[in-house]
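These notes concern the structure reproduced below.
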Amino acid sequence: MRVYLAKNLREANQSNALDNRKILDEKRILLVNIIGSPGSGKTTLLEHTLKIISKGYRAAVIEADLYTSEDSGRLEPWCETVLQINTEGGCHLEARYIGHLLTAEAPYLLDMDIIFIENIGNLICPAEFDLGEDLRVTLLTVTEGNDKPRKYPLAYQDSQATLITKTDLLPYCSFDLNEALNDLKMINTAIKVFPLSVQTGNGIGDWIQWLKAHVEAKKNYAGN
Amino acid sequence: MHELSIVSSLINLITNDAEKKKIRKVISYRLVVGEQSSVDTRCLTFALEHLTPGTVLEGAKCELVREKSEGRCKICANYFKPEPPFYSCPKCHGSSEFIKGRDIYIEYYEGE
């Protein structure tokens, strides 16, 4: 007996992501999924972002790491709550982990205005799993070289923004900023690009302004 | 590594469907793997070998078929085959969206 299914094997995750999106849309909470290589500055970016964003909004972080909880400790002083997920070797987060936090383990997340997810440091697997986010923000750091969008295009193709981090190191690295900008636009014409440095503060204002506009838009979201 | 969760989804999907149809043993099945699905077929085969024993899929023959990519330009709506690294439109260089080739799915299974 032959049974035709024609079922996508990522459908289970997609369905869970849709559930997360429904819950967050109803509560008008902005979910931001931060993706980037190990060492691209995800935690440092969040520290600096939270310091500013928490002044006007209730913010939380879902922090994913393979084993440690060091990053949670760094972020705790700057937001209402940090929830640690240890994947114990797992290379990405799945939507059901986030759904479990929202509906069972940490329902107080639904009182927030904005929730950040710091995904596992990896440019391949996290790009394949929708978590129900409103914004996917992928980092590209000056020290890793401007060829990363070309090498990992799918991570950048589905992102709403790319932050080019550690721009204070541009004079010391062979990072071609123009080439990076051109490559990113070729992969994703609509992508917003924010070159920035948390050390000098350059570019942080534009990123925060863009983020705040999205928090406000979500607060005023009227539904479908 | 994410091939493990894909194989877990496959096992759940076929197990649930086979139970409903009173199928006790799966003989073969066909998986369609998109060219740009970010699925490594060697990792997939490894995960299948290690996760299917003891399930309805134990010993079943897996046929893997590659699906070619198809895309549409977001700017000029041209249909074309998106090629890495940019996947951009050969006509206007606009960025594309995938219509085919990004997914992995089960087409059918045969059981008794």
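To be explicit about the labels: the chains of the structure tokens are called A, B, and onward in the order shown, and within each one the residues are counted from 1, while ligands get numbers from 1 in the order they are shown.
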With only C-alpha atoms considered, list every residue of chain A at most 6 Å from chain B, as number ranges by chain.
A: 1-9, 150, 186-189
- Which of range 77-196 of chain A fall in strand (DSSP E), as an NGL selection string: :A and (81-86 or 114-118 or 135-141 or 161-165 or 192-195)
Using C-alpha atoms, can you write the selected residues to a file as a PDB file, in the first residue's frame?
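Contents of result_2.pdb, as written:
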ATOM      1  CA  THR A  81      14.386  38.597  33.198  1.00  0.00           C
ATOM      2  CA  VAL A  82      16.764  36.259  31.395  1.00  0.00           C
ATOM      3  CA  LEU A  83      15.765  32.674  30.669  1.00  0.00           C
ATOM      4  CA  GLN A  84      18.581  30.290  29.929  1.00  0.00           C
ATOM      5  CA  ILE A  85      18.195  27.432  27.482  1.00  0.00           C
ATOM      6  CA  ASN A  86      21.092  24.954  27.343  1.00  0.00           C
ATOM      7  CA  ILE A 114      10.058  43.120  23.733  1.00  0.00           C
ATOM      8  CA  ILE A 115      11.720  39.705  23.985  1.00  0.00           C
ATOM      9  CA  PHE A 116      15.157  39.067  22.521  1.00  0.00           C
ATOM     10  CA  ILE A 117      16.385  35.587  21.684  1.00  0.00           C
ATOM     11  CA  GLU A 118      20.139  35.164  21.592  1.00  0.00           C
ATOM     12  CA  LEU A 135      12.483  40.374  13.368  1.00  0.00           C
ATOM     13  CA  ARG A 136      15.447  38.233  12.506  1.00  0.00           C
ATOM     14  CA  VAL A 137      18.665  40.165  13.023  1.00  0.00           C
ATOM     15  CA  THR A 138      21.888  38.569  11.793  1.00  0.00           C
ATOM     16  CA  LEU A 139      25.268  39.867  12.879  1.00  0.00           C
ATOM     17  CA  LEU A 140      28.325  40.219  10.691  1.00  0.00           C
ATOM     18  CA  THR A 141      31.446  41.211  12.513  1.00  0.00           C
ATOM     19  CA  ALA A 161      18.415  43.523   9.466  1.00  0.00           C
ATOM     20  CA  THR A 162      22.137  42.926   9.632  1.00  0.00           C
ATOM     21  CA  LEU A 163      24.317  44.627  12.196  1.00  0.00           C
ATOM     22  CA  ILE A 164      27.953  44.992  11.154  1.00  0.00           C
ATOM     23  CA  THR A 165      29.583  44.914  14.581  1.00  0.00           C
ATOM     24  CA  LYS A 192      18.434  47.097   6.736  1.00  0.00           C
ATOM     25  CA  VAL A 193      22.127  47.332   7.511  1.00  0.00           C
ATOM     26  CA  PHE A 194      23.484  49.029  10.632  1.00  0.00           C
ATOM     27  CA  PRO A 195      27.283  49.284  10.889  1.00  0.00           C
TER      28      PRO A 195
END
**OP:** Run DSSP on the backbone and give me the residues of range 3-107 of chain B it puts in alpha helix (DSSP H), as a ChimeraX atom specification.
**Re:** /B:3-20,41-51
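If you look at CA of Trp78 in chain A and CA of Ala17 in chain A, they are 27.1 Å away from each other.
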Test item: residues at most 9 Å from Ile99 in chain B, only C-alpha atoms, excluding those fewer than 6 positions along its chain, as a PDB file with N, CA and C atoms, in the first residue's frame:
ATOM      1  N   SER B  69      16.311  23.892  -7.413  1.00  0.00           N
ATOM      2  CA  SER B  69      15.770  25.147  -6.881  1.00  0.00           C
ATOM      3  C   SER B  69      15.018  25.927  -7.950  1.00  0.00           C
ATOM      4  N   GLU B  70      13.980  26.592  -7.508  1.00  0.00           N
ATOM      5  CA  GLU B  70      13.284  27.559  -8.366  1.00  0.00           C
ATOM      6  C   GLU B  70      13.044  28.801  -7.523  1.00  0.00           C
ATOM      7  N   GLY B  71      13.239  29.963  -8.131  1.00  0.00           N
ATOM      8  CA  GLY B  71      13.042  31.193  -7.376  1.00  0.00           C
ATOM      9  C   GLY B  71      12.310  32.249  -8.176  1.00  0.00           C
ATOM     10  N   ARG B  72      11.892  33.294  -7.462  1.00  0.00           N
ATOM     11  CA  ARG B  72      11.196  34.409  -8.106  1.00  0.00           C
ATOM     12  C   ARG B  72      11.855  35.693  -7.620  1.00  0.00           C
TER      13      ARG B  72
END
task = Quick one: everything within 12 Å of Asp71 in chain A, counting only C-alpha atoms, minus sequence neighbours fewer than 2 positions away in the same chain. Send it as number ranges by chain.
result = A: 41-47, 61-69, 73-77, 82-86, 118-120
